[in-house]
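Participant: Dumping the structure here so I can ask a few things about it.
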Protein chains: 4
Amino acid sequence: VNDTIDRLAEYFSRFPGIGPRQARRFVYYLLGRDPSELEGLVRTVRELKESVRSCARCLRFFPKDAAASTLCLICRDDGRDASALMVVSRDVDLETVERSRSFHGYYFVLGGSLPILEKNPESRIRVRELDKAIAAQSAQGLSEIILALNVNAEGENTEEYLKERLAPLSTHNIRISVLGRGLSTGTELEYADSATIKNAVKNRA
Amino acid sequence: VNDTIDRLAEYFSRFPGIGPRQARRFVYYLLGRDPSELEGLVRTVRELKESVRSCARCLRFFPKDAAASTLCLICRDDGRDASALMVVSRDVDLETVERSRSFHGYYFVLGGSLPILEKNPESRIRVRELDKAIAAQSAQGLSEIILALNVNAEGENTEEYLKERLAPLSTHNIRISVLGRGLSTGTELEYADSATIKNAVKNRA
Amino acid sequence: VNDTIDRLAEYFSRFPGIGPRQARRFVYYLLGRDPSELEGLVRTVRELKESVRSCARCLRFFPKDAAASTLCLICRDDGRDASALMVVSRDVDLETVERSRSFHGYYFVLGGSLPILEKNPESRIRVRELDKAIAAQSAQGLSEIILALNVNAEGENTEEYLKERLAPLSTHNIRISVLGRGLSTGTELEYADSATIKNAVKNRA
Amino acid sequence: VNDTIDRLAEYFSRFPGIGPRQARRFVYYLLGRDPSELEGLVRTVRELKESVRSCARCLRFFPKDAAASTLCLICRDDGRDASALMVVSRDVDLETVERSRSFHGYYFVLGGSLPILEKNPESRIRVRELDKAIAAQSAQGLSEIILALNVNAEGENTEEYLKERLAPLSTHNIRISVLGRGLSTGTELEYADSATIKNAVKNRA
């Protein structure tokens with residue numbers, strides 16, 4: 001039977017990392033909640049799109065506020081370092097970098113990454129919007145674009161694609177860099193792969 | 001800032017098995033969906049309580065239907081074996097047993113299990129409702145109650161509690177049994193614990 | 001270079017569950033030991049075959065002793081229950097069952113299990129020796145042979161093969177049984193497979 | 001009974017990463033081998049110390065050869081870069097770095113690492129021997145010592161200790177460096193810790 005329990009489980013099973021069984025447990029969890037909690041959840045989901053907008057500059061999601069700004073708090077902050085732009089795949093990557101307090105420039109969120117052999121990159125990642133963000137920041141003294149992507153096949157493919165696409169910027173004295181490779185926290189040398197060791201030796205400090 | 005993203009992540013982080021980070025990824029996942037999909041999710045959550053009711057007999061959740069029956073499809077099915085009642089903790093346990101097509105009697109869903117030393121069992125599991133379900137099925141020839149609980153501390157505690165509480169039923173020729181213990185699929189003898197081996201030897205067939 | 005380190009690592013990498021990297025770590029571990037510890041290890045390995053023999057009846061390994069018996073302590077113990085014979089794959093399985101103190105008959109160690117489609121079972125498991133052990137115990141009143149094998153494809157294949165091979169024994173009033181299937185310690189009903197639930201319902205007690 | 005099986009299992013249970021149960025399986029594995037294989041293993045263990053020596057310079061283990069050199073093949077190779085010395089904890093670390101073909105200087109093997117609050121570092125790692133190795137290589141133009149330690153508490157403690165101890169070398173124009181920190185192969189930005197991101201931003205290239 002295609003009843004409400006099944007249909008709701010179907011919605012949850014599309015959530016990232018959720019299989020059909022856990023989706024079903026979510027439904028039973030909700031069935032056990034007070035009506036007020038369910039109503040709260042529904043209201044919040046409904047508010048989500050209305051109260052959140054995509055930043056006109058970095059494209060991350062941010063809460064609309066009284067100021068009705070089209071820019072998120074970071075892009076609005078002119079105390080940040082306009083010489084640097086960090087390109088990330090997703091909002092959560094941006095949040096992880098912000099939490100590390102190690103970067104003080106502006107960001108751009110690609111919205112994804114490029115699978116190997118993707119024929120139509122512009123359908124997967126926001127490259128035209130990236131061009132515009134670069135143009136805008138160039139007027140403010142942009143001198144370095146940092147590609148901050150996952151160190152896996154898809155991330156490296158995205159990195160290669162962007163490096164090639166952005167190569168002409170070197171004539172405008174804009175340098176393209178990537179996050180440093182090396183030993184990450186918890187690495188035991190014995191188990192490190194050769195690429196990581198090579199990078200760690202090269203980047204020794 | 002306590003914005004909508006944070007508040008929605010807070011709701012999701014209470015879902016079973018979900019930490020704060022995955023809760024946040026759920027929110028970003030929803031932000032990336034079409035408004036129509038979001039609206040569908042919201043509508044389905046809203047319909048949930050209206051379209052689902054708790055069976056008046058076994059207490060499981062089931063979809064309301066045209067017949068407006070107060071009983072779920074199983075409890076409504078008089079082709080099932082009224083001599084047996086299986087007591088489970090949760091709706092998902094009932095579903096797992098049904099999927100195995102190995103039991104043809106009726107069920108009762110306790111709604112939980114008893115932590116060790118729980119002072120107030122009736123606040124944790126639906127024992128008064130169980131009494132009523134037993135009384136009702138007695139009139140139909142109930143002769144065996146099967147306790148089908150997890151084989152862990154809380155499940156065994158619940159089993160002990162119910163065995164004691166239901167002991168007087170033996171005078172009515174109702175037998176209390178528990179699911180058989182032994183080697184489950186995938187068990188390697190070398191790694192089996194002594195209790196499991198003891199049960200497997202006792203229940204050899 | 002095929003030096004001693006490499007050659008010793010090669011020996012260790014054939015140990016059950018040991019990969020080439022851990023095998024190498026074993027070698028470096030030994031290089032760091034005192035010569036006396038190494039000598040002790042070597043002496044003990046050397047003594048192994050001399051001081052251990054295979055029981056003439058159950059075929060398990062056991063320490064030779066002053067009595068120079070050809071039987072292990074269990075097979076020598078006439079206080080055990082001669083009506084039952086438990087057939088296991090390996091010495092460690094026998095040890096696990098003994099530790100559970102749930103079986104008081106005699107054992108037979110097959111020395112392995114049968115891969116699916118094995119053409120030549122007698123090359124894999126000691127079936128001719130099993131025949132002899134059964135014949136011997138028959139004279140002592142054997143009435144049940146318990147097949148105690150792993151609950152996986154190879155174990156079940158071995159079980160099928162032995163059931164067929166031993167079927168004629170039923171005319172001698174010797175029953176062939178298998179360890180009971182059901183919920184093993186730690187099983188959560190929700191995650192149990194259908195075969196396990198079916199067995200647990202059938203073997204309820 | 002403290003028989004040979006028990007005693008050999010006891011030896012194996014001291015091997016790195018081996019518990020009592022796997023140790024026992026090793027023993028039964030050996031009991032099932034041909035006498036010739038056991039003899040081969042015993043012979044190889046015995047040869048180990050005789051055929052392997054500790055390099056007089058880097059202290060790693062290496063196979064003795066016809067040349068009867070006191071130096072391992074690396075330390076004997078005067079084509080390597082004498083300006084660099086890499087300090088590692090263990091022989092396996094050295095092997096992992098060599099496999100990456102990313103370092104062409106000489107090595108020194110500390111023989112371990114320093115637990116936090118270790119009172120007597122010289123009992124744990126070969127610091128006096130390190131002093132001698134540095135003095136020797138200084139005569140050959142040593143200009144950089146690379147500390148290549150695990151990125152965990154013990155590795156970082158060892159790093160701190162050595163940095164302080166070797167600090168005076170700066171007056172001899174010998175620089176102390178550490179392997180570069182950053183994103184290692186497989187890192188997903190979202191899950192990277194703040195220290196790793198900070199290093200990755202600092203070491204961007």
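Convention: chains lettered A, B, ... in structure tokens order; per-chain residue numbering from 1; ligands numbered from 1 as shown.
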Could you work out which residues of chain B fall inside 12 Å of chain D? Count only C-alpha atoms, and format the result as a ChimeraX atom specification.
Facilitator: /B:21-22,24-25,190-191
Participant: Any chance you could list, as a ChimeraX atom specification, the residues in segment 32-168 of chain B that come up strand (DSSP E) when DSSP is run on the backbone?
Facilitator: /B:52-54,61-63,84-88,106-109,144-147
Participant: Set the distance at 10 Å and use only C-alpha atoms: which residues neighbour segment 56-67 of chain A once local chain neighbours fewer than 6 positions away are removed? I'd like the list as a PyMOL selection string.
Facilitator: (chain A and resi 48-50+73-76+85-88+90-92+94+106-111+126+129-130+132-134+136-137) or (chain B and resi 1-6+28+31-32)
Participant: Write a file of the selected residues as a compact mmCIF listing (two decimals), in the first residue's frame, keeping N, CA, C and O atoms.
Facilitator:
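out_11.txt, written as the output of this step:
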```txt
# COMPACT_ATOMS: atom_id res chain seq x y z
N LEU A 48 11.94 27.69 5.70
CA LEU A 48 13.33 27.56 5.26
C LEU A 48 13.60 28.40 4.02
O LEU A 48 14.46 29.29 4.04
N LYS A 49 12.86 28.13 2.97
CA LYS A 49 13.15 28.82 1.71
C LYS A 49 12.80 30.31 1.80
O LYS A 49 13.45 31.15 1.17
N GLU A 50 11.75 30.62 2.58
CA GLU A 50 11.38 32.04 2.69
C GLU A 50 12.40 32.82 3.48
O GLU A 50 12.62 34.01 3.21
N LEU A 73 26.62 37.54 5.65
CA LEU A 73 27.40 38.32 6.61
C LEU A 73 28.88 38.40 6.22
O LEU A 73 29.53 39.42 6.46
N ILE A 74 29.40 37.34 5.65
CA ILE A 74 30.82 37.37 5.27
C ILE A 74 31.04 38.33 4.10
O ILE A 74 31.92 39.18 4.13
N CYS A 75 30.21 38.20 3.06
CA CYS A 75 30.41 39.03 1.87
C CYS A 75 30.13 40.51 2.17
O CYS A 75 30.61 41.41 1.48
N ARG A 76 29.33 40.73 3.23
CA ARG A 76 28.98 42.10 3.62
C ARG A 76 30.10 42.75 4.44
O ARG A 76 30.11 43.96 4.64
N LEU A 85 40.33 34.88 -2.53
CA LEU A 85 39.02 34.26 -2.75
C LEU A 85 39.20 32.74 -2.63
O LEU A 85 40.04 32.16 -3.32
N MET A 86 38.43 32.10 -1.74
CA MET A 86 38.53 30.65 -1.59
C MET A 86 37.31 29.99 -2.23
O MET A 86 36.18 30.31 -1.89
N VAL A 87 37.59 29.04 -3.13
CA VAL A 87 36.52 28.36 -3.85
C VAL A 87 36.27 26.99 -3.21
O VAL A 87 37.19 26.16 -3.14
N VAL A 88 35.05 26.77 -2.70
CA VAL A 88 34.72 25.48 -2.08
C VAL A 88 33.56 24.82 -2.82
O VAL A 88 32.86 25.47 -3.59
N ARG A 90 30.86 23.12 -1.28
CA ARG A 90 29.56 23.19 -0.62
C ARG A 90 29.56 24.11 0.59
O ARG A 90 30.61 24.40 1.16
N ASP A 91 28.36 24.51 1.00
CA ASP A 91 28.21 25.35 2.20
C ASP A 91 28.90 24.76 3.41
O ASP A 91 29.52 25.48 4.19
N VAL A 92 28.80 23.44 3.61
CA VAL A 92 29.41 22.85 4.80
C VAL A 92 30.93 22.97 4.77
O VAL A 92 31.57 23.07 5.82
N LEU A 94 32.58 25.52 3.51
CA LEU A 94 32.80 26.91 3.94
C LEU A 94 32.70 27.00 5.46
O LEU A 94 33.56 27.61 6.11
N TYR A 106 37.39 36.19 1.12
CA TYR A 106 36.00 35.87 0.75
C TYR A 106 35.92 34.46 0.17
O TYR A 106 36.94 33.84 -0.15
N TYR A 107 34.70 33.96 0.04
CA TYR A 107 34.46 32.61 -0.45
C TYR A 107 33.62 32.60 -1.71
O TYR A 107 32.89 33.57 -2.00
N PHE A 108 33.65 31.45 -2.41
CA PHE A 108 32.65 31.18 -3.44
C PHE A 108 32.27 29.70 -3.35
O PHE A 108 33.14 28.83 -3.28
N VAL A 109 30.96 29.43 -3.37
CA VAL A 109 30.47 28.05 -3.24
C VAL A 109 30.06 27.51 -4.61
O VAL A 109 29.10 28.00 -5.22
N LEU A 110 30.78 26.49 -5.09
CA LEU A 110 30.53 25.94 -6.43
C LEU A 110 29.18 25.21 -6.52
O LEU A 110 28.63 25.06 -7.61
N GLY A 111 28.73 24.68 -5.40
CA GLY A 111 27.46 23.95 -5.41
C GLY A 111 27.63 22.48 -5.77
O GLY A 111 26.64 21.76 -5.95
N ARG A 126 28.84 25.97 -10.55
CA ARG A 126 28.45 27.33 -10.96
C ARG A 126 29.66 28.10 -11.48
O ARG A 126 30.15 29.02 -10.81
N GLU A 129 28.86 31.83 -12.62
CA GLU A 129 28.73 32.68 -11.44
C GLU A 129 30.11 32.94 -10.82
O GLU A 129 30.36 34.03 -10.29
N LEU A 130 30.98 31.92 -10.89
CA LEU A 130 32.34 32.09 -10.37
C LEU A 130 33.05 33.19 -11.16
O LEU A 130 33.72 34.06 -10.59
N LYS A 132 31.81 35.71 -12.59
CA LYS A 132 31.29 37.02 -12.16
C LYS A 132 31.86 37.43 -10.80
O LYS A 132 32.24 38.58 -10.60
N ALA A 133 31.92 36.44 -9.86
CA ALA A 133 32.44 36.76 -8.53
C ALA A 133 33.90 37.20 -8.62
O ALA A 133 34.34 38.12 -7.92
N ILE A 134 34.66 36.53 -9.52
CA ILE A 134 36.07 36.91 -9.69
C ILE A 134 36.18 38.31 -10.26
O ILE A 134 36.97 39.14 -9.78
N ALA A 136 34.07 40.73 -9.99
CA ALA A 136 33.71 41.71 -8.97
C ALA A 136 34.86 41.94 -7.99
O ALA A 136 35.21 43.08 -7.66
N GLN A 137 35.47 40.81 -7.54
CA GLN A 137 36.52 40.96 -6.52
C GLN A 137 37.81 41.52 -7.12
O GLN A 137 38.63 42.11 -6.40
N VAL B 1 23.95 32.83 15.52
CA VAL B 1 22.59 33.29 15.25
C VAL B 1 21.63 32.11 15.27
O VAL B 1 21.92 31.06 14.73
N ASN B 2 20.49 32.28 15.89
CA ASN B 2 19.51 31.21 15.94
C ASN B 2 18.55 31.34 14.75
O ASN B 2 17.38 31.67 14.89
N ASP B 3 19.05 31.07 13.57
CA ASP B 3 18.25 31.28 12.37
C ASP B 3 17.52 29.99 11.98
O ASP B 3 17.60 28.97 12.67
N THR B 4 16.80 30.05 10.87
CA THR B 4 16.00 28.90 10.45
C THR B 4 16.87 27.67 10.19
O THR B 4 16.49 26.54 10.52
N ILE B 5 18.03 27.88 9.57
CA ILE B 5 18.93 26.75 9.31
C ILE B 5 19.28 26.05 10.62
O ILE B 5 19.16 24.82 10.74
N ASP B 6 19.68 26.85 11.61
CA ASP B 6 20.02 26.26 12.91
C ASP B 6 18.82 25.56 13.53
O ASP B 6 18.94 24.46 14.08
N TYR B 28 20.84 21.58 4.31
CA TYR B 28 21.38 22.04 3.02
C TYR B 28 20.80 21.22 1.87
O TYR B 28 20.58 21.75 0.78
N LEU B 31 17.53 22.76 1.21
CA LEU B 31 17.68 24.07 0.56
C LEU B 31 17.91 23.91 -0.94
O LEU B 31 17.55 24.78 -1.74
N GLY B 32 18.53 22.79 -1.31
CA GLY B 32 18.80 22.57 -2.73
C GLY B 32 17.63 21.94 -3.50
O GLY B 32 17.71 21.78 -4.72
```
Participant: Show which residues sit within 7 Å of Leu114 of chain D, as JSON, numbers by chain. Count only C-alpha atoms, and ignore same-chain residues fewer than 2 positions away.
Facilitator: {"D": [116, 118, 121, 124, 154, 157, 158]}
Participant: Once you have the residues from the selection above, write them out as an mmCIF file, in the first residue's frame, restricted to N, CA, C and O atoms.
Facilitator:
```cif
data_model
loop_
_atom_site.group_PDB
_atom_site.id
_atom_site.type_symbol
_atom_site.label_atom_id
_atom_site.label_comp_id
_atom_site.auth_asym_id
_atom_site.auth_seq_id
_atom_site.Cartn_x
_atom_site.Cartn_y
_atom_site.Cartn_z
ATOM 1 N N ILE D 116 53.971 11.108 26.586
ATOM 2 C CA ILE D 116 53.833 12.358 27.326
ATOM 3 C C ILE D 116 54.382 12.174 28.746
ATOM 4 O O ILE D 116 54.156 11.139 29.367
ATOM 5 N N GLU D 118 57.237 11.507 29.837
ATOM 6 C CA GLU D 118 58.332 10.552 30.049
ATOM 7 C C GLU D 118 59.472 11.264 30.773
ATOM 8 O O GLU D 118 59.982 12.284 30.308
ATOM 9 N N PRO D 121 63.831 10.335 28.730
ATOM 10 C CA PRO D 121 63.743 10.159 27.279
ATOM 11 C C PRO D 121 64.831 9.262 26.709
ATOM 12 O O PRO D 121 64.590 8.489 25.785
ATOM 13 N N ARG D 124 64.080 5.755 26.133
ATOM 14 C CA ARG D 124 63.014 5.419 25.190
ATOM 15 C C ARG D 124 63.454 5.558 23.738
ATOM 16 O O ARG D 124 63.042 4.800 22.890
ATOM 17 N N GLU D 154 51.934 11.282 20.882
ATOM 18 C CA GLU D 154 53.279 10.803 21.167
ATOM 19 C C GLU D 154 54.280 11.322 20.139
ATOM 20 O O GLU D 154 55.397 11.705 20.482
ATOM 21 N N ASN D 157 54.908 14.976 20.859
ATOM 22 C CA ASN D 157 55.730 15.118 22.050
ATOM 23 C C ASN D 157 57.204 14.856 21.708
ATOM 24 O O ASN D 157 58.097 15.595 22.134
ATOM 25 N N THR D 158 57.433 13.837 20.907
ATOM 26 C CA THR D 158 58.797 13.504 20.480
ATOM 27 C C THR D 158 59.383 14.663 19.668
ATOM 28 O O THR D 158 60.548 15.041 19.844
#
```
Participant: Which residue gives the smallest distance to Ala200 of chain C among C:Arg181, C:Pro16, C:Thr187, C:Pro168, with only C-alpha atoms counted?
Facilitator: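 Using only C-alpha atoms, the shortest distance to Ala200 of chain C belongs to C:Arg181.
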Participant: Could you tell me how far atom CA of Val42 of chain A lies from atom CA of Gly17 of chain B, in Å and to one decimal?
Facilitator: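 Here the two named atoms are 20.3 Å from each other.
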Participant: So which residues touch segment 192-195 of chain D within 12 Å, counting only C-alpha atoms, skipping near sequence neighbours fewer than 5 positions away, as a PDB file with N, CA, C and O atoms, in the first residue's frame?
Facilitator:
```pdb
ATOM      1  N   VAL A  92      28.796  23.444   3.611  1.00  0.00           N
ATOM      2  CA  VAL A  92      29.414  22.847   4.796  1.00  0.00           C
ATOM      3  C   VAL A  92      30.929  22.967   4.767  1.00  0.00           C
ATOM      4  O   VAL A  92      31.566  23.072   5.824  1.00  0.00           O
ATOM      5  N   ASP A  93      31.529  22.954   3.583  1.00  0.00           N
ATOM      6  CA  ASP A  93      32.982  23.140   3.485  1.00  0.00           C
ATOM      7  C   ASP A  93      33.349  24.543   3.967  1.00  0.00           C
ATOM      8  O   ASP A  93      34.300  24.732   4.722  1.00  0.00           O
ATOM      9  N   LEU A  94      32.578  25.517   3.510  1.00  0.00           N
ATOM     10  CA  LEU A  94      32.800  26.905   3.940  1.00  0.00           C
ATOM     11  C   LEU A  94      32.704  26.995   5.461  1.00  0.00           C
ATOM     12  O   LEU A  94      33.559  27.605   6.111  1.00  0.00           O
ATOM     13  N   GLU A  95      31.695  26.351   6.027  1.00  0.00           N
ATOM     14  CA  GLU A  95      31.533  26.410   7.491  1.00  0.00           C
ATOM     15  C   GLU A  95      32.716  25.780   8.202  1.00  0.00           C
ATOM     16  O   GLU A  95      33.167  26.266   9.233  1.00  0.00           O
ATOM     17  N   THR A  96      33.219  24.653   7.669  1.00  0.00           N
ATOM     18  CA  THR A  96      34.361  23.992   8.300  1.00  0.00           C
ATOM     19  C   THR A  96      35.589  24.900   8.260  1.00  0.00           C
ATOM     20  O   THR A  96      36.329  25.005   9.246  1.00  0.00           O
ATOM     21  N   VAL A  97      35.818  25.579   7.134  1.00  0.00           N
ATOM     22  CA  VAL A  97      36.978  26.471   7.035  1.00  0.00           C
ATOM     23  C   VAL A  97      36.807  27.667   7.979  1.00  0.00           C
ATOM     24  O   VAL A  97      37.741  28.028   8.699  1.00  0.00           O
ATOM     25  N   GLU A  98      35.597  28.246   8.024  1.00  0.00           N
ATOM     26  CA  GLU A  98      35.375  29.370   8.938  1.00  0.00           C
ATOM     27  C   GLU A  98      35.655  28.978  10.383  1.00  0.00           C
ATOM     28  O   GLU A  98      36.262  29.726  11.141  1.00  0.00           O
ATOM     29  N   ARG A  99      35.214  27.769  10.745  1.00  0.00           N
ATOM     30  CA  ARG A  99      35.417  27.300  12.110  1.00  0.00           C
ATOM     31  C   ARG A  99      36.904  27.209  12.461  1.00  0.00           C
ATOM     32  O   ARG A  99      37.288  27.342  13.617  1.00  0.00           O
ATOM     33  N   SER A 100      37.738  26.986  11.463  1.00  0.00           N
ATOM     34  CA  SER A 100      39.182  26.856  11.727  1.00  0.00           C
ATOM     35  C   SER A 100      39.843  28.229  11.905  1.00  0.00           C
ATOM     36  O   SER A 100      41.007  28.314  12.282  1.00  0.00           O
ATOM     37  N   ARG A 101      39.131  29.316  11.623  1.00  0.00           N
ATOM     38  CA  ARG A 101      39.660  30.677  11.761  1.00  0.00           C
ATOM     39  C   ARG A 101      41.032  30.840  11.091  1.00  0.00           C
ATOM     40  O   ARG A 101      41.907  31.513  11.612  1.00  0.00           O
ATOM     41  N   SER A 102      41.177  30.220   9.948  1.00  0.00           N
ATOM     42  CA  SER A 102      42.495  30.279   9.328  1.00  0.00           C
ATOM     43  C   SER A 102      42.472  31.028   7.995  1.00  0.00           C
ATOM     44  O   SER A 102      43.498  31.172   7.349  1.00  0.00           O
ATOM     45  N   PHE A 103      41.289  31.491   7.590  1.00  0.00           N
ATOM     46  CA  PHE A 103      41.191  32.188   6.313  1.00  0.00           C
ATOM     47  C   PHE A 103      40.326  33.435   6.498  1.00  0.00           C
ATOM     48  O   PHE A 103      39.254  33.352   7.098  1.00  0.00           O
ATOM     49  N   ALA A 148      39.808  25.017  -2.787  1.00  0.00           N
ATOM     50  CA  ALA A 148      39.768  24.224  -1.545  1.00  0.00           C
ATOM     51  C   ALA A 148      38.798  23.064  -1.745  1.00  0.00           C
ATOM     52  O   ALA A 148      37.642  23.140  -1.348  1.00  0.00           O
ATOM     53  N   LEU A 149      39.319  22.000  -2.369  1.00  0.00           N
ATOM     54  CA  LEU A 149      38.438  20.895  -2.757  1.00  0.00           C
ATOM     55  C   LEU A 149      38.843  19.604  -2.064  1.00  0.00           C
ATOM     56  O   LEU A 149      39.950  19.499  -1.527  1.00  0.00           O
ATOM     57  N   ASN A 150      37.948  18.652  -2.054  1.00  0.00           N
ATOM     58  CA  ASN A 150      38.259  17.359  -1.437  1.00  0.00           C
ATOM     59  C   ASN A 150      39.455  16.692  -2.132  1.00  0.00           C
ATOM     60  O   ASN A 150      39.632  16.841  -3.334  1.00  0.00           O
ATOM     61  N   VAL A 151      40.249  15.946  -1.344  1.00  0.00           N
ATOM     62  CA  VAL A 151      41.389  15.247  -1.927  1.00  0.00           C
ATOM     63  C   VAL A 151      40.947  13.844  -2.333  1.00  0.00           C
ATOM     64  O   VAL A 151      41.326  12.837  -1.749  1.00  0.00           O
ATOM     65  N   LEU A 183      50.709  15.781   5.885  1.00  0.00           N
ATOM     66  CA  LEU A 183      50.181  14.881   6.906  1.00  0.00           C
ATOM     67  C   LEU A 183      49.034  15.575   7.623  1.00  0.00           C
ATOM     68  O   LEU A 183      49.208  16.668   8.151  1.00  0.00           O
ATOM     69  N   SER A 184      47.860  14.946   7.641  1.00  0.00           N
ATOM     70  CA  SER A 184      46.767  15.537   8.402  1.00  0.00           C
ATOM     71  C   SER A 184      46.784  14.965   9.812  1.00  0.00           C
ATOM     72  O   SER A 184      47.461  13.972  10.098  1.00  0.00           O
ATOM     73  N   THR A 185      46.050  15.623  10.702  1.00  0.00           N
ATOM     74  CA  THR A 185      46.019  15.198  12.097  1.00  0.00           C
ATOM     75  C   THR A 185      45.680  13.711  12.183  1.00  0.00           C
ATOM     76  O   THR A 185      44.763  13.243  11.523  1.00  0.00           O
ATOM     77  N   GLY A 186      46.425  12.978  12.987  1.00  0.00           N
ATOM     78  CA  GLY A 186      46.142  11.562  13.176  1.00  0.00           C
ATOM     79  C   GLY A 186      46.923  10.642  12.249  1.00  0.00           C
ATOM     80  O   GLY A 186      46.900   9.431  12.434  1.00  0.00           O
TER      81      GLY A 186
ATOM     82  N   VAL D 151      51.642  12.085  13.397  1.00  0.00           N
ATOM     83  CA  VAL D 151      50.887  13.269  13.809  1.00  0.00           C
ATOM     84  C   VAL D 151      49.868  12.852  14.864  1.00  0.00           C
ATOM     85  O   VAL D 151      48.663  12.851  14.654  1.00  0.00           O
ATOM     86  N   ARG D 181      52.376  19.674   7.080  1.00  0.00           N
ATOM     87  CA  ARG D 181      51.020  19.299   7.465  1.00  0.00           C
ATOM     88  C   ARG D 181      50.039  19.839   6.432  1.00  0.00           C
ATOM     89  O   ARG D 181      50.275  20.908   5.854  1.00  0.00           O
ATOM     90  N   GLY D 182      48.969  19.157   6.227  1.00  0.00           N
ATOM     91  CA  GLY D 182      47.956  19.628   5.286  1.00  0.00           C
ATOM     92  C   GLY D 182      46.939  18.537   5.035  1.00  0.00           C
ATOM     93  O   GLY D 182      46.728  17.664   5.875  1.00  0.00           O
ATOM     94  N   LEU D 183      46.311  18.600   3.879  1.00  0.00           N
ATOM     95  CA  LEU D 183      45.304  17.602   3.538  1.00  0.00           C
ATOM     96  C   LEU D 183      46.007  16.353   3.015  1.00  0.00           C
ATOM     97  O   LEU D 183      46.771  16.427   2.058  1.00  0.00           O
ATOM     98  N   SER D 184      45.764  15.201   3.635  1.00  0.00           N
ATOM     99  CA  SER D 184      46.339  13.974   3.096  1.00  0.00           C
ATOM    100  C   SER D 184      45.359  13.350   2.117  1.00  0.00           C
ATOM    101  O   SER D 184      44.187  13.736   2.063  1.00  0.00           O
ATOM    102  N   THR D 185      45.861  12.411   1.326  1.00  0.00           N
ATOM    103  CA  THR D 185      45.023  11.758   0.322  1.00  0.00           C
ATOM    104  C   THR D 185      43.741  11.232   0.970  1.00  0.00           C
ATOM    105  O   THR D 185      43.795  10.608   2.023  1.00  0.00           O
ATOM    106  N   GLY D 186      42.613  11.503   0.329  1.00  0.00           N
ATOM    107  CA  GLY D 186      41.352  10.994   0.843  1.00  0.00           C
ATOM    108  C   GLY D 186      40.599  11.961   1.745  1.00  0.00           C
ATOM    109  O   GLY D 186      39.456  11.705   2.107  1.00  0.00           O
ATOM    110  N   THR D 187      41.252  13.052   2.141  1.00  0.00           N
ATOM    111  CA  THR D 187      40.585  13.998   3.043  1.00  0.00           C
ATOM    112  C   THR D 187      39.369  14.643   2.388  1.00  0.00           C
ATOM    113  O   THR D 187      39.455  15.149   1.266  1.00  0.00           O
ATOM    114  N   ALA D 200      46.754  23.512   6.039  1.00  0.00           N
ATOM    115  CA  ALA D 200      46.525  23.426   4.595  1.00  0.00           C
ATOM    116  C   ALA D 200      46.457  24.823   3.981  1.00  0.00           C
ATOM    117  O   ALA D 200      46.928  25.049   2.861  1.00  0.00           O
ATOM    118  N   VAL D 201      45.867  25.770   4.717  1.00  0.00           N
ATOM    119  CA  VAL D 201      45.798  27.145   4.211  1.00  0.00           C
ATOM    120  C   VAL D 201      47.209  27.755   4.210  1.00  0.00           C
ATOM    121  O   VAL D 201      47.640  28.356   3.229  1.00  0.00           O
ATOM    122  N   LYS D 202      47.928  27.525   5.298  1.00  0.00           N
ATOM    123  CA  LYS D 202      49.281  28.080   5.409  1.00  0.00           C
ATOM    124  C   LYS D 202      50.206  27.516   4.327  1.00  0.00           C
ATOM    125  O   LYS D 202      50.996  28.242   3.734  1.00  0.00           O
TER     126      LYS D 202
END
```
Participant: When distances are computed from only C-alpha atoms, which of D:Arg80, D:Arg33, D:Ala139, D:Ala205 shows the smallest separation from Val45 of chain C?
Facilitator: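 Among the listed residues, the smallest separation from Val45 of chain C belongs to D:Arg33.
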Participant: From a DSSP pass on the backbone, collect the residues of chain B flagged as helix (DSSP H, G or I) and hand them back as an MDAnalysis selection string.
Facilitator: chainID B and resid 4:13 20:31 35:51 73:76 91:99 121:123 127:138 153:172 189:191 194:202
